[in-house]
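Colleague: File target_20.cif follows (mmCIF, C-alpha atoms):
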data_coords
#
loop_
_atom_site.group_PDB
_atom_site.id
_atom_site.type_symbol
_atom_site.label_atom_id
_atom_site.label_comp_id
_atom_site.auth_asym_id
_atom_site.auth_seq_id
_atom_site.Cartn_x
_atom_site.Cartn_y
_atom_site.Cartn_z
ATOM 1 C CA MET A 1 35.661 77.544 31.092
ATOM 2 C CA CYS A 2 34.530 79.031 34.438
ATOM 3 C CA GLU A 3 31.396 76.954 34.864
ATOM 4 C CA TYR A 4 31.984 75.324 38.225
ATOM 5 C CA CYS A 5 31.378 78.288 40.541
ATOM 6 C CA GLY A 6 28.172 79.695 39.095
ATOM 7 C CA CYS A 7 29.625 83.138 38.420
ATOM 8 C CA GLN A 8 28.226 83.104 34.870
ATOM 9 C CA SER A 9 24.775 83.409 36.402
ATOM 10 C CA LEU A 10 25.619 87.096 36.875
ATOM 11 C CA ALA A 11 25.024 89.122 33.723
ATOM 12 C CA SER A 12 28.286 91.058 34.152
ATOM 13 C CA ILE A 13 30.413 87.922 34.348
ATOM 14 C CA ASP A 14 28.435 86.184 31.621
ATOM 15 C CA GLU A 15 29.104 89.080 29.261
ATOM 16 C CA LEU A 16 32.813 89.183 30.105
ATOM 17 C CA THR A 17 32.986 85.409 29.555
ATOM 18 C CA ARG A 18 31.224 85.644 26.179
ATOM 19 C CA GLU A 19 33.745 88.315 25.178
ATOM 20 C CA HIS A 20 36.582 86.015 26.242
ATOM 21 C CA ASP A 21 35.072 83.249 24.119
ATOM 22 C CA GLU A 22 34.886 85.575 21.118
ATOM 23 C CA VAL A 23 38.494 86.677 21.572
ATOM 24 C CA VAL A 24 39.653 83.048 21.725
ATOM 25 C CA ARG A 25 37.656 82.345 18.557
ATOM 26 C CA LEU A 26 39.332 85.297 16.824
ATOM 27 C CA ILE A 27 42.789 84.239 17.998
ATOM 28 C CA SER A 28 42.210 80.903 16.255
ATOM 29 C CA HIS A 29 42.121 82.793 12.925
ATOM 30 C CA LEU A 30 45.667 84.104 13.320
ATOM 31 C CA ARG A 31 47.679 80.952 12.645
ATOM 32 C CA PRO A 32 45.970 80.219 9.290
ATOM 33 C CA ALA A 33 46.327 83.887 8.327
ATOM 34 C CA ARG A 34 50.026 83.807 9.155
ATOM 35 C CA GLN A 35 50.510 80.840 6.817
ATOM 36 C CA GLU A 36 48.966 82.644 3.834
ATOM 37 C CA GLN A 37 51.588 83.452 1.196
ATOM 38 C CA GLU A 38 49.841 86.602 -0.025
ATOM 39 C CA GLY A 39 48.276 89.038 2.415
ATOM 40 C CA GLY A 40 48.908 87.006 5.548
ATOM 41 C CA VAL A 41 50.211 89.885 7.638
ATOM 42 C CA ALA A 42 47.385 92.126 6.419
ATOM 43 C CA ARG A 43 44.856 89.471 7.466
ATOM 44 C CA MET A 44 46.572 89.139 10.853
ATOM 45 C CA ALA A 45 46.302 92.910 11.282
ATOM 46 C CA GLU A 46 42.612 92.727 10.403
ATOM 47 C CA VAL A 47 42.058 90.021 13.029
ATOM 48 C CA ALA A 48 44.040 92.101 15.539
ATOM 49 C CA ARG A 49 41.615 94.994 14.943
ATOM 50 C CA GLU A 50 38.649 92.635 15.438
ATOM 51 C CA ILE A 51 40.172 91.527 18.743
ATOM 52 C CA VAL A 52 40.645 95.164 19.793
ATOM 53 C CA ALA A 53 36.968 95.866 19.022
ATOM 54 C CA VAL A 54 35.999 93.226 21.591
ATOM 55 C CA LEU A 55 38.741 93.974 24.115
ATOM 56 C CA GLY A 56 38.241 97.759 24.222
ATOM 57 C CA PRO A 57 34.963 97.839 26.154
ATOM 58 C CA HIS A 58 35.829 94.560 27.896
ATOM 59 C CA THR A 59 39.022 96.010 29.357
ATOM 60 C CA GLN A 60 37.181 99.159 30.456
ATOM 61 C CA VAL A 61 34.698 97.059 32.425
ATOM 62 C CA GLU A 62 37.496 95.123 34.064
ATOM 63 C CA GLU A 63 39.789 98.051 34.836
ATOM 64 C CA HIS A 64 37.159 100.596 35.863
ATOM 65 C CA GLY A 65 34.573 98.273 37.417
ATOM 66 C CA LEU A 66 35.747 94.816 38.419
ATOM 67 C CA PHE A 67 39.442 95.323 39.209
ATOM 68 C CA PRO A 68 39.037 98.343 41.514
ATOM 69 C CA ALA A 69 36.511 96.375 43.564
ATOM 70 C CA LEU A 70 39.028 93.533 43.979
ATOM 71 C CA ALA A 71 42.266 95.522 44.266
ATOM 72 C CA GLY A 72 41.979 95.979 48.032
ATOM 73 C CA ASP A 73 41.973 92.224 48.629
ATOM 74 C CA PHE A 74 44.196 91.177 45.707
ATOM 75 C CA PRO A 75 46.509 94.129 44.896
ATOM 76 C CA ASP A 76 49.412 92.144 43.411
ATOM 77 C CA GLN A 77 47.189 89.964 41.234
ATOM 78 C CA ILE A 78 45.216 92.922 39.892
ATOM 79 C CA ALA A 79 48.410 94.880 39.165
ATOM 80 C CA ALA A 80 49.809 91.882 37.261
ATOM 81 C CA LEU A 81 46.617 91.549 35.198
ATOM 82 C CA GLU A 82 46.657 95.254 34.333
ATOM 83 C CA ALA A 83 50.322 94.977 33.290
ATOM 84 C CA GLU A 84 49.382 92.089 31.006
ATOM 85 C CA HIS A 85 46.629 94.259 29.487
ATOM 86 C CA ARG A 86 49.252 96.895 28.631
ATOM 87 C CA ARG A 87 51.625 94.347 27.056
ATOM 88 C CA ILE A 88 48.852 92.854 24.915
ATOM 89 C CA GLU A 89 47.478 96.254 23.910
ATOM 90 C CA SER A 90 50.900 97.531 22.835
ATOM 91 C CA VAL A 91 51.232 94.764 20.229
ATOM 92 C CA LEU A 92 47.626 95.042 19.047
ATOM 93 C CA GLU A 93 47.936 98.834 18.682
ATOM 94 C CA GLU A 94 50.537 98.370 15.962
ATOM 95 C CA ALA A 95 47.687 97.330 13.650
ATOM 96 C CA ALA A 96 45.416 100.243 14.614
ATOM 97 C CA ASP A 97 43.783 102.559 12.094
ATOM 98 C CA GLY A 98 43.860 100.037 9.281
ATOM 99 C CA ALA A 99 47.639 99.762 9.305
ATOM 100 C CA THR A 100 49.499 96.624 8.315
ATOM 101 C CA PRO A 101 52.637 96.566 10.459
ATOM 102 C CA SER A 102 55.780 96.597 8.352
ATOM 103 C CA ASP A 103 58.051 95.241 11.077
ATOM 104 C CA PRO A 104 58.830 91.630 10.068
ATOM 105 C CA ALA A 105 58.914 90.659 13.773
ATOM 106 C CA TRP A 106 55.340 91.849 14.394
ATOM 107 C CA PRO A 107 53.589 88.580 13.440
ATOM 108 C CA GLU A 108 55.691 86.669 15.980
ATOM 109 C CA ARG A 109 55.148 89.352 18.651
ATOM 110 C CA LEU A 110 51.416 89.173 17.940
ATOM 111 C CA MET A 111 51.387 85.388 18.348
ATOM 112 C CA GLU A 112 53.296 85.713 21.634
ATOM 113 C CA ALA A 113 50.896 88.391 22.872
ATOM 114 C CA MET A 114 47.923 86.207 21.948
ATOM 115 C CA ALA A 115 49.416 83.267 23.871
ATOM 116 C CA LEU A 116 49.722 85.632 26.831
ATOM 117 C CA LEU A 117 46.118 86.720 26.279
ATOM 118 C CA ARG A 118 44.856 83.132 26.318
ATOM 119 C CA ASP A 119 46.657 82.513 29.636
ATOM 120 C CA HIS A 120 45.351 85.842 30.921
ATOM 121 C CA ILE A 121 41.780 84.830 30.081
ATOM 122 C CA LEU A 122 42.206 81.623 32.080
ATOM 123 C CA LYS A 123 43.465 83.613 35.082
ATOM 124 C CA GLU A 124 40.419 85.846 34.936
ATOM 125 C CA GLN A 125 37.899 83.083 34.457
ATOM 126 C CA ASP A 126 39.406 80.705 37.013
ATOM 127 C CA GLY A 127 40.514 83.331 39.545
ATOM 128 C CA VAL A 128 39.108 86.825 39.128
ATOM 129 C CA PHE A 129 35.520 85.925 38.298
ATOM 130 C CA PRO A 130 35.041 83.447 41.168
ATOM 131 C CA ALA A 131 36.781 85.900 43.537
ATOM 132 C CA ALA A 132 34.424 88.646 42.392
ATOM 133 C CA LEU A 133 31.433 86.398 42.957
ATOM 134 C CA ALA A 134 32.598 85.708 46.493
ATOM 135 C CA ASN A 135 33.739 89.223 47.432
ATOM 136 C CA LEU A 136 31.766 91.944 45.641
ATOM 137 C CA SER A 137 28.808 93.626 47.288
ATOM 138 C CA THR A 138 25.588 94.507 45.498
ATOM 139 C CA GLU A 139 26.806 98.111 45.247
ATOM 140 C CA GLU A 140 30.079 97.006 43.661
ATOM 141 C CA TRP A 141 28.215 94.872 41.104
ATOM 142 C CA GLU A 142 26.017 97.879 40.323
ATOM 143 C CA ALA A 143 29.192 99.923 39.758
ATOM 144 C CA VAL A 144 30.481 97.242 37.375
ATOM 145 C CA GLU A 145 27.189 97.390 35.467
ATOM 146 C CA THR A 146 27.401 101.189 35.304
ATOM 147 C CA VAL A 147 30.847 100.907 33.714
ATOM 148 C CA ARG A 148 29.471 98.332 31.263
ATOM 149 C CA THR A 149 26.631 100.659 30.288
ATOM 150 C CA GLU A 150 29.113 103.477 29.684
ATOM 151 C CA ALA A 151 31.629 101.271 27.839
ATOM 152 C CA GLY A 152 29.130 99.364 25.745
ATOM 153 C CA GLY A 153 30.234 96.127 24.201
ATOM 154 C CA ALA A 154 31.105 94.571 20.878
ATOM 155 C CA LEU A 155 28.706 91.672 21.367
ATOM 156 C CA SER A 156 24.962 91.916 21.583
ATOM 157 C CA ARG A 157 23.509 90.968 24.925
ATOM 158 C CA PRO A 158 21.378 87.838 24.973
ATOM 159 C CA ALA A 159 17.645 88.338 25.351
ATOM 160 C CA ALA A 160 16.550 88.185 28.956
#
Using structure tokens, write down the structure that the file contains.

Modeller:
Amino acid sequence: MCEYCGCQSLASIDELTREHDEVVRLISHLRPARQEQEGGVARMAEVAREIVAVLGPHTQVEEHGLFPALAGDFPDQIAALEAEHRRIESVLEEAADGATPSDPAWPERLMEAMALLRDHILKEQDGVFPAALANLSTEEWEAVETVRTEAGGALSRPAA
């Protein structure tokens, strides 16, 4: 995705991008799971929990590191992205703690939320990340890295 601007040369953006790639990979497991006759919803819930494991620290880095640094210049865009985070999280949370949602509408809501998430990822990679590259100071990047250190991550960092 966002390969034209060079923002992936920054470790913070590279890690966020790798997390996006992993989430997209996980989303691709939902449609086949939904088509399973036995245990499809349970498998979808399992995938939802795998997505949450990646998105938890990822969202912390964005909302406590990257977004605050950009909110002064792009308040409406950042507010819209945070609202999308809440909408996506609310559907994913229904599968928290090992639960298989019993609501028959949940699989469709999950698929809709994941379509929103895919569009959201594109907005971040094609808009937020290049804007961050162009606008953030060294101190702001250090703050993003501090949040990443505190939040951790679901993916191992590549060897330097």

Colleague: Quick check on the file I pasted: which residues fall under the PyMOL selection byres ((chain A and resi 78) around 12)? Write them as a list in words.

Modeller: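 For this structure, the PyMOL selection byres ((chain A and resi 78) around 12) resolves to Glu62, Glu63, His64, Leu66, Phe67, Pro68, Ala69, Leu70, Ala71, Gly72, Asp73, Phe74, Pro75, Asp76, Gln77, Ala79, Ala80, Leu81, Glu82, Ala83, Glu84, His85, His120, Lys123, Glu124, Gly127, Val128, Ala131 and Ala132 of chain A.
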
Colleague: Could you work out how far CA of Phe129 in chain A lies from CA of Ile13 in chain A, giving the answer in Å with one decimal?

Modeller: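 Straight-line distance from CA of Ile13 in chain A to CA of Phe129 in chain A works out to 6.8 Å.
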
Colleague: Let me make sure I understand: among A:Leu122, A:Gln60, A:Leu155, A:Ala115, which one has the smallest atom-to-atom distance to Ile27 in chain A if we use only C-alpha atoms?

Modeller: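 Using only C-alpha atoms, the shortest distance to Ile27 in chain A belongs to A:Ala115.
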
Colleague: So what do you get for CA of Arg34 in chain A versus CA of Glu15 in chain A, distance-wise?

Modeller: 29.5 Å

Colleague: Check which residues satisfy the PyMOL selection byres ((chain A and resi 44) around 12) in the file shown, then give them as a PyMOL selection string.

Modeller: chain A and resi 26-36+38-43+45-51+91-92+94-96+98-101+106-111+114

Colleague: Tell me which of A:Ser12, A:Arg86, A:Asp126, A:Thr138 sits closest to Ala113 in chain A, counting only C-alpha atoms.

Modeller: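 Result for the nearest residue to Ala113 in chain A: A:Arg86.
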
Colleague: Enter the distance from CA of Leu116 in chain A to CA of His20 in chain A, in Å, rounded to one decimal.

Modeller: 13.2 Å

Colleague: Just the residues within 9 Å of Pro57 in chain A, please, counting only C-alpha atoms, with nothing from its chain fewer than 5 positions along; format it as a PyMOL selection string.

Modeller: chain A and resi 52+62+148+150-154

Colleague: Using all atoms listed in the file, which residue out of A:Gln125, A:Glu112, A:Pro104, A:Val61 lies closest to Thr17 in chain A?

Modeller: A:Gln125

Colleague: What are the centre and the three edge lengths of an axis-aligned box that wraps all atoms of range 32-50 of chain A in the file, given that 6 Å is added to every side, written as lines of an AutoDock Vina configuration file and rounded to one decimal in Å?

Modeller:
center_x = 45.1
center_y = 87.6
center_z = 7.8
size_x = 24.9
size_y = 26.8
size_z = 27.6

Colleague: My list of candidates is A:Gly56, A:Asp14, A:Val147, A:Glu140. Which is closest to Glu89 in chain A when distances are computed with all atoms listed in the file?

Modeller: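 Checking each candidate against Glu89 in chain A, we get A:Gly56 as the closest.
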
Colleague: Nearest residue to Ile121 in chain A out of A:Leu136, A:Ile88, A:Ala11, A:Ala53, using only C-alpha atoms?

Modeller: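 Going through A:Leu136, A:Ile88, A:Ala11, A:Ala53 one by one, the smallest distance to Ile121 in chain A is for A:Ile88.
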
Colleague: Would you fill the gaps in range 68-87 of chain A so it has N, CA, C and O atoms, then print it as a CSV table (one decimal), in the frame of the given file?

Modeller:
chain,number,residue,atom,x,y,z
A,68,PRO,N,39.0,97.5,40.3
A,68,PRO,CA,39.0,98.3,41.5
A,68,PRO,C,38.3,97.7,42.7
A,68,PRO,O,38.8,97.9,43.9
A,69,ALA,N,37.2,97.0,42.5
A,69,ALA,CA,36.5,96.4,43.6
A,69,ALA,C,37.3,95.2,44.2
A,69,ALA,O,37.1,94.9,45.4
A,70,LEU,N,38.2,94.7,43.5
A,70,LEU,CA,39.0,93.5,44.0
A,70,LEU,C,40.4,93.9,44.4
A,70,LEU,O,41.1,93.2,45.1
A,71,ALA,N,40.9,95.1,44.0
A,71,ALA,CA,42.3,95.5,44.3
A,71,ALA,C,42.6,95.6,45.7
A,71,ALA,O,43.8,95.3,46.1
A,72,GLY,N,41.7,95.9,46.6
A,72,GLY,CA,42.0,96.0,48.0
A,72,GLY,C,42.4,94.6,48.6
A,72,GLY,O,43.3,94.5,49.4
A,73,ASP,N,41.7,93.6,48.1
A,73,ASP,CA,42.0,92.2,48.6
A,73,ASP,C,43.1,91.5,47.8
A,73,ASP,O,43.7,90.6,48.4
A,74,PHE,N,43.3,91.9,46.6
A,74,PHE,CA,44.2,91.2,45.7
A,74,PHE,C,45.1,92.2,44.9
A,74,PHE,O,45.1,92.1,43.7
A,75,PRO,N,45.8,93.1,45.6
A,75,PRO,CA,46.5,94.1,44.9
A,75,PRO,C,47.6,93.6,43.9
A,75,PRO,O,47.7,94.2,42.8
A,76,ASP,N,48.3,92.6,44.3
A,76,ASP,CA,49.4,92.1,43.4
A,76,ASP,C,48.8,91.5,42.2
A,76,ASP,O,49.3,91.7,41.1
A,77,GLN,N,47.8,90.7,42.4
A,77,GLN,CA,47.2,90.0,41.2
A,77,GLN,C,46.6,90.9,40.2
A,77,GLN,O,46.7,90.8,39.0
A,78,ILE,N,45.9,91.9,40.8
A,78,ILE,CA,45.2,92.9,39.9
A,78,ILE,C,46.3,93.7,39.1
A,78,ILE,O,46.2,94.0,37.9
A,79,ALA,N,47.3,94.1,39.8
A,79,ALA,CA,48.4,94.9,39.2
A,79,ALA,C,49.0,94.0,38.1
A,79,ALA,O,49.3,94.6,37.0
A,80,ALA,N,49.2,92.8,38.3
A,80,ALA,CA,49.8,91.9,37.3
A,80,ALA,C,48.9,91.8,36.1
A,80,ALA,O,49.3,91.8,34.9
A,81,LEU,N,47.6,91.6,36.3
A,81,LEU,CA,46.6,91.5,35.2
A,81,LEU,C,46.6,92.8,34.4
A,81,LEU,O,46.5,92.8,33.1
A,82,GLU,N,46.6,94.0,35.1
A,82,GLU,CA,46.7,95.3,34.3
A,82,GLU,C,47.9,95.4,33.5
A,82,GLU,O,47.9,95.9,32.4
A,83,ALA,N,49.1,94.9,34.0
A,83,ALA,CA,50.3,95.0,33.3
A,83,ALA,C,50.2,94.1,32.0
A,83,ALA,O,50.7,94.5,31.0
A,84,GLU,N,49.6,92.9,32.2
A,84,GLU,CA,49.4,92.1,31.0
A,84,GLU,C,48.5,92.8,30.0
A,84,GLU,O,48.8,92.7,28.8
A,85,HIS,N,47.5,93.5,30.4
A,85,HIS,CA,46.6,94.3,29.5
A,85,HIS,C,47.5,95.2,28.7
A,85,HIS,O,47.4,95.3,27.4
A,86,ARG,N,48.4,95.9,29.3
A,86,ARG,CA,49.3,96.9,28.6
A,86,ARG,C,50.2,96.2,27.6
A,86,ARG,O,50.3,96.7,26.5
A,87,ARG,N,50.7,95.1,28.0
A,87,ARG,CA,51.6,94.3,27.1
A,87,ARG,C,50.9,93.9,25.8
A,87,ARG,O,51.3,94.0,24.7
